[in-house]
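Asks: Before I ask anything, here is the structure I am working with.
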There are 2 protein chains.
Amino acid sequence: MARRPVLEFWYEFASTYSYLAAMRIEALAEAAGVDVRWRPFLLGPIFSAQGWNTSPFNLYPAKGRYMWRDMEREAAALGLPFRRPNPFPQNSLAATRVAVLGIDHPWGPTFAKAVYRTEFGEGRSIAEPAAVHAILVGLGLDADSVLKTAAAEPNKTRLKALTEEARSRGVFGAPTFFAEGGEMFWGNDRLEQALAWATGERAVVAREAAAAR
Amino acid sequence: MARRPVLEFWYEFASTYSYLAAMRIEALAEAAGVDVRWRPFLLGPIFSAQGWNTSPFNLYPAKGRYMWRDMEREAAALGLPFRRPNPFPQNSLAATRVAVLGIDHPWGPTFAKAVYRTEFGEGRSIAEPAAVHAILVGLGLDADSVLKTAAAEPNKTRLKALTEEARSRGVFGAPTFFAEGGEMFWGNDRLEQALAWATGERAVVAREAAAAR
């Protein structure tokens with residue numbers, strides 16, 4: 001049997017549009033016959049390097065106001081609950097360390113979706129280790145053991161390496177998808193194109209190709 | 001006969017994604033039974049107010065590199081030619097003044113599409129009045145007369161008012177669409193949703209609603 005094509009899914013827990021992508025990607029990838037590699041990372045260091053000390057949606061209020069309205073519409077259209085957490089962005093460090101550990105465990109994607117559901121589906125905090133602990137318990141995992149391993153040096157180093165890998169490959173926001181060969185797609189709006197590219201449909205057929213001519 | 005719904009299409013000639021929207025909007029709007037109001041404006045003053053002295057695609061190189069690649073893919077998928085003009089962004093003032101005059105003339109949208117075709121389809125300059133003159137001549141218009149009226153005080157004032165109207169209504173980029181009632185949509189990727197909203201389909205049906213559940 002031929003190996004299935006792979007799509008890398010780089011996500012940040014503080015990212016609103018990553019929530020939409022995380023809730024959609026498994027069903028869409030399965031339908032396309034594509035394997036997903038979940039890759040958690042931190043946008044904070046990437047934003048800092050270009051002089052931003054918080055989300056661009058906070059730095060640029062007009063863009064931020066629009067984003068919240070757009071998220072309401074998009075979530076409704078996808079049948080997903082949506083509530084804005086306070087504060088925004090949430091400190092995603094504790095949850096991201098667990099997600100990094102989850103790369104090597106079958107519960108990784110399940111944990112990531114549970115974090116997003118708590119944060120953007122219910123508008124609750126994911127910032128404190130206690131919040132992450134509760135999510136792990138909810139999944140039937142040994143929360144104490146997972147949190148301890150996640151906070152240990154090797155795992156912290158791995159998160160730093162993932163974030164540096166994202167930056168060095170040109171990631172500037174989330175979600176970002178990479179097809180094999182390095183083709184990059186940014187944003188929940190590009191998930192379908194990214195999957196089509198991954199399956200070898202290099203010339204993505206546009207919905208309105210005919211209309212535009 | 002009932003009045004047809006209206007969608008405002010706010011565009012900036014220096015904006016790459018506005019090019020894609022300009023080439024698609026008429027056929028899509030006609031199919032949806034929606035009238036389009038073309039609204040040229042300048043992003044420069046809006047960017048300046050938030051401390052940017054050029055395109056964000058120049059200020060943030062990783063984002064810029066991605067944008068050019070994404071534009072290549074999107075244009076190809078839509079069957080549109082695409083060449084990057086040098087320099088980018090082009091000074092769009094002369095062309096925009098003519099487009100403002102074109103709001104009151106049937107040649108307005110035709111002129112706007114011809115500018116975009118020159119700039120992003122052929123990668124040629126639109127910055128000098130001579131370039132705009134040649135485009136007008138190509139459309140069979142009295143180029144000298146149009147340019148003179150476009151450069152007169154009332155038309156210049158109208159462009160300033162349009163740009164201020166865009167800013168005050170929350171526009172932070174282009175293209176931006178407004179449906180009646182003020183619902184705002186940003187980006188070529190939202191053209192379909194904006195048209196659906198304009199026709200009264202308040203609950204936009206997502207392609208993957210089922211898949212996401």
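Chain lettering (A, B, ...) mirrors the order of the structure tokens, residue numbering begins at 1 for each chain separately, and ligand numbering begins at 1 in order of display.
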Ala150 in chain A: which residues within 7 Å, counting only C-alpha atoms, same-chain residues fewer than 3 positions away excluded, as an MDAnalysis selection string?

Replies: chainID A and resid 97:98 101 146:147 155

Asks: Based on DSSP run over this structure's backbone, return all residues of range 20-188 of chain A in strand (DSSP E), as a list in words.

Replies: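 Restricting range 20-188 of chain A to strand (DSSP E) produces Asp35, Val36, Arg37, Trp38, Arg39, Pro40, Thr176, Phe177, Phe178, Ala179, Met184, Phe185 and Trp186 of chain A.
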
Asks: Mind checking which residues fall within 10 Å of range 9-20 of chain A, counting only C-alpha atoms, ignoring those fewer than 6 positions away in the same chain, and posting them as a short mmCIF file (atom, residue, chain, number, x, y, z; two decimals) with N, CA and C atoms, in the first residue's frame?

Replies:
```cif
data_model
loop_
_atom_site.label_atom_id
_atom_site.label_comp_id
_atom_site.auth_asym_id
_atom_site.auth_seq_id
_atom_site.Cartn_x
_atom_site.Cartn_y
_atom_site.Cartn_z
N VAL A 36 -2.19 13.87 9.15
CA VAL A 36 -1.89 15.18 9.74
C VAL A 36 -0.82 15.04 10.81
N ARG A 37 0.20 15.91 10.75
CA ARG A 37 1.19 16.01 11.83
C ARG A 37 0.90 17.29 12.61
N TRP A 38 0.43 17.14 13.85
CA TRP A 38 0.10 18.29 14.69
C TRP A 38 1.39 18.87 15.25
N ARG A 39 1.63 20.16 15.04
CA ARG A 39 2.86 20.79 15.47
C ARG A 39 2.58 22.06 16.29
N PRO A 40 2.54 21.91 17.63
CA PRO A 40 2.32 23.09 18.48
C PRO A 40 3.57 23.97 18.52
N PHE A 41 3.37 25.28 18.60
CA PHE A 41 4.50 26.20 18.76
C PHE A 41 3.99 27.48 19.39
N LEU A 42 4.91 28.40 19.69
CA LEU A 42 4.54 29.67 20.31
C LEU A 42 4.76 30.82 19.31
N LEU A 43 3.73 31.63 19.13
CA LEU A 43 3.88 32.81 18.26
C LEU A 43 4.58 33.96 18.98
N GLY A 44 4.51 33.96 20.32
CA GLY A 44 5.07 35.07 21.10
C GLY A 44 6.49 35.45 20.70
N SER A 55 -0.81 40.34 20.76
CA SER A 55 -1.43 39.96 19.48
C SER A 55 -1.59 41.18 18.58
N MET A 67 -11.80 41.02 13.44
CA MET A 67 -11.51 39.59 13.67
C MET A 67 -12.56 38.95 14.56
N TRP A 68 -12.96 39.64 15.64
CA TRP A 68 -13.95 39.03 16.54
C TRP A 68 -15.28 38.82 15.83
N ASP A 70 -15.64 38.46 12.56
CA ASP A 70 -15.43 37.42 11.55
C ASP A 70 -15.44 36.03 12.20
N MET A 71 -14.81 35.91 13.36
CA MET A 71 -14.79 34.63 14.08
C MET A 71 -16.22 34.20 14.44
N GLU A 74 -17.75 32.93 11.21
CA GLU A 74 -17.14 31.70 10.72
C GLU A 74 -17.48 30.52 11.62
N ALA A 75 -17.43 30.74 12.93
CA ALA A 75 -17.77 29.66 13.85
C ALA A 75 -19.22 29.24 13.67
N LEU A 78 -19.68 27.14 10.68
CA LEU A 78 -19.12 25.79 10.84
C LEU A 78 -19.85 25.00 11.92
N LEU A 80 -19.77 25.66 15.12
CA LEU A 80 -18.91 25.56 16.31
C LEU A 80 -19.29 26.63 17.32
N PHE A 82 -18.63 29.55 20.04
CA PHE A 82 -17.54 30.53 20.11
C PHE A 82 -17.80 31.54 21.21
N ARG A 84 -15.44 34.55 23.46
CA ARG A 84 -14.15 35.23 23.58
C ARG A 84 -13.60 35.09 24.99
N PRO A 85 -12.38 34.56 25.14
CA PRO A 85 -11.79 34.46 26.49
C PRO A 85 -11.27 35.82 26.94
N PHE A 88 -7.51 38.27 26.36
CA PHE A 88 -7.03 37.76 25.08
C PHE A 88 -5.77 38.53 24.73
N PRO A 89 -4.69 37.87 24.27
CA PRO A 89 -4.57 36.42 24.15
C PRO A 89 -4.34 35.75 25.50
N GLN A 90 -4.74 34.50 25.60
CA GLN A 90 -4.44 33.69 26.77
C GLN A 90 -2.95 33.29 26.74
N ASN A 91 -2.36 33.23 27.92
CA ASN A 91 -1.00 32.69 28.02
C ASN A 91 -1.08 31.19 27.71
N SER A 92 -0.44 30.79 26.64
CA SER A 92 -0.62 29.42 26.15
C SER A 92 0.55 28.49 26.50
N LEU A 93 1.49 28.98 27.32
CA LEU A 93 2.72 28.22 27.55
C LEU A 93 2.48 26.84 28.17
N ALA A 95 -0.19 24.94 28.36
CA ALA A 95 -0.92 24.02 27.48
C ALA A 95 -0.04 23.58 26.31
N THR A 96 0.78 24.50 25.80
CA THR A 96 1.60 24.15 24.64
C THR A 96 2.66 23.13 25.01
N ALA A 99 1.04 19.90 24.85
CA ALA A 99 0.80 19.52 23.45
C ALA A 99 2.08 19.02 22.79
N ALA A 112 -5.36 18.77 22.21
CA ALA A 112 -5.38 20.09 21.56
C ALA A 112 -6.81 20.57 21.33
N LYS A 113 -7.66 19.68 20.86
CA LYS A 113 -9.05 20.08 20.62
C LYS A 113 -9.76 20.42 21.93
N VAL A 115 -8.36 21.71 24.59
CA VAL A 115 -7.89 23.04 24.99
C VAL A 115 -8.65 24.11 24.21
N TYR A 116 -8.73 23.94 22.90
CA TYR A 116 -9.44 24.93 22.08
C TYR A 116 -10.91 25.05 22.48
N ARG A 117 -11.54 23.92 22.76
CA ARG A 117 -12.95 23.95 23.14
C ARG A 117 -13.15 24.73 24.43
N GLU A 119 -11.10 27.08 25.63
CA GLU A 119 -10.69 28.47 25.47
C GLU A 119 -11.66 29.27 24.57
N PHE A 120 -11.97 28.74 23.41
CA PHE A 120 -12.77 29.51 22.45
C PHE A 120 -14.20 29.00 22.29
N GLY A 121 -14.45 27.76 22.70
CA GLY A 121 -15.82 27.26 22.67
C GLY A 121 -16.59 27.72 23.90
N ILE A 126 -7.19 29.04 29.86
CA ILE A 126 -6.30 27.89 29.72
C ILE A 126 -4.91 28.23 30.24
N ALA A 127 -4.80 29.39 30.90
CA ALA A 127 -3.49 29.94 31.22
C ALA A 127 -2.79 29.24 32.39
N LEU A 162 10.90 23.69 18.29
CA LEU A 162 9.76 23.75 17.36
C LEU A 162 9.47 25.20 16.94
N THR A 163 9.49 26.10 17.93
CA THR A 163 9.22 27.51 17.64
C THR A 163 10.29 28.08 16.72
N ALA A 166 9.70 26.74 13.24
CA ALA A 166 8.61 27.49 12.58
C ALA A 166 9.14 28.81 12.02
N VAL A 171 7.26 30.85 9.09
CA VAL A 171 5.97 30.98 9.75
C VAL A 171 5.88 32.36 10.42
N GLY A 173 2.44 33.45 11.42
CA GLY A 173 1.12 33.47 12.02
C GLY A 173 0.62 32.04 12.13
N ALA A 174 -0.61 31.89 12.64
CA ALA A 174 -1.17 30.55 12.82
C ALA A 174 -2.68 30.58 12.53
N PRO A 175 -3.22 29.48 12.00
CA PRO A 175 -2.53 28.24 11.70
C PRO A 175 -1.71 28.35 10.41
N THR A 176 -0.65 27.54 10.33
CA THR A 176 0.14 27.41 9.10
C THR A 176 0.26 25.94 8.75
N PHE A 177 0.11 25.64 7.48
CA PHE A 177 0.20 24.26 6.99
C PHE A 177 1.38 24.13 6.05
N PHE A 178 2.09 22.99 6.14
CA PHE A 178 3.15 22.68 5.17
C PHE A 178 2.83 21.35 4.51
N ALA A 179 2.79 21.36 3.19
CA ALA A 179 2.72 20.10 2.43
C ALA A 179 4.14 19.61 2.22
N PHE A 185 1.00 27.18 3.54
CA PHE A 185 -0.33 27.80 3.46
C PHE A 185 -0.65 28.39 4.82
N TRP A 186 -1.14 29.63 4.82
CA TRP A 186 -1.43 30.32 6.08
C TRP A 186 -2.92 30.57 6.23
N GLY A 187 -3.45 30.21 7.39
CA GLY A 187 -4.82 30.57 7.72
C GLY A 187 -5.81 29.43 7.53
N ASN A 188 -6.82 29.43 8.40
CA ASN A 188 -7.90 28.46 8.29
C ASN A 188 -8.52 28.47 6.90
N ASP A 189 -8.56 29.63 6.26
CA ASP A 189 -9.14 29.73 4.91
C ASP A 189 -8.37 28.93 3.87
N LEU A 191 -7.00 25.83 4.43
CA LEU A 191 -6.91 24.40 4.77
C LEU A 191 -7.25 23.51 3.58
N ALA A 194 -4.44 23.54 1.05
CA ALA A 194 -3.28 22.83 1.57
C ALA A 194 -3.46 21.32 1.42
N ALA B 212 -17.19 19.46 10.20
CA ALA B 212 -16.59 20.00 11.43
C ALA B 212 -17.28 19.50 12.68
#
```

Asks: In Å to one decimal, how far is CA of Ala130 in chain B from CA of Asp144 in chain B?

Replies: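 CA of Asp144 in chain B sits 10.3 Å away from CA of Ala130 in chain B.
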
Asks: So which one's closest to chain A, B:Leu7, B:Met184, B:Ala151, B:Leu141? Using only C-alpha atoms, please.

Replies: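 Ranking B:Leu7, B:Met184, B:Ala151, B:Leu141 by distance to chain A, first place goes to B:Met184.
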
Asks: To test your reading of the structure, identify every residue in range 3-211 of chain B that backbone DSSP assigns to helix (DSSP H, G or I), and report it as a PyMOL selection string.

Replies: chain B and resi 16-32+44-49+56-59+61-78+93-102+108-121+129-138+143-150+153-168+188-198+209-211

Asks: Could you please determine the separation between CA of Lys148 in chain A and CA of Gly123 in chain A in Å, to one decimal place?

Replies: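 Separation between CA of Lys148 in chain A and CA of Gly123 in chain A: 26.1 Å.
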
Asks: With only C-alpha atoms as the counted atoms, please give the residues lying no more than 9 Å from Pro5 in chain A, apart from itself and same-chain residues fewer than 2 positions off, as a VMD selection string.

Replies: chain A and resid 3 7 33 to 36 179 to 180 198 to 200

Asks: Rounded to one decimal in Å, what is the spacing between CA of Tyr60 in chain A and CA of Ser48 in chain B?

Replies: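 Spanning CA of Tyr60 in chain A to CA of Ser48 in chain B is a straight-line distance of 12.4 Å.
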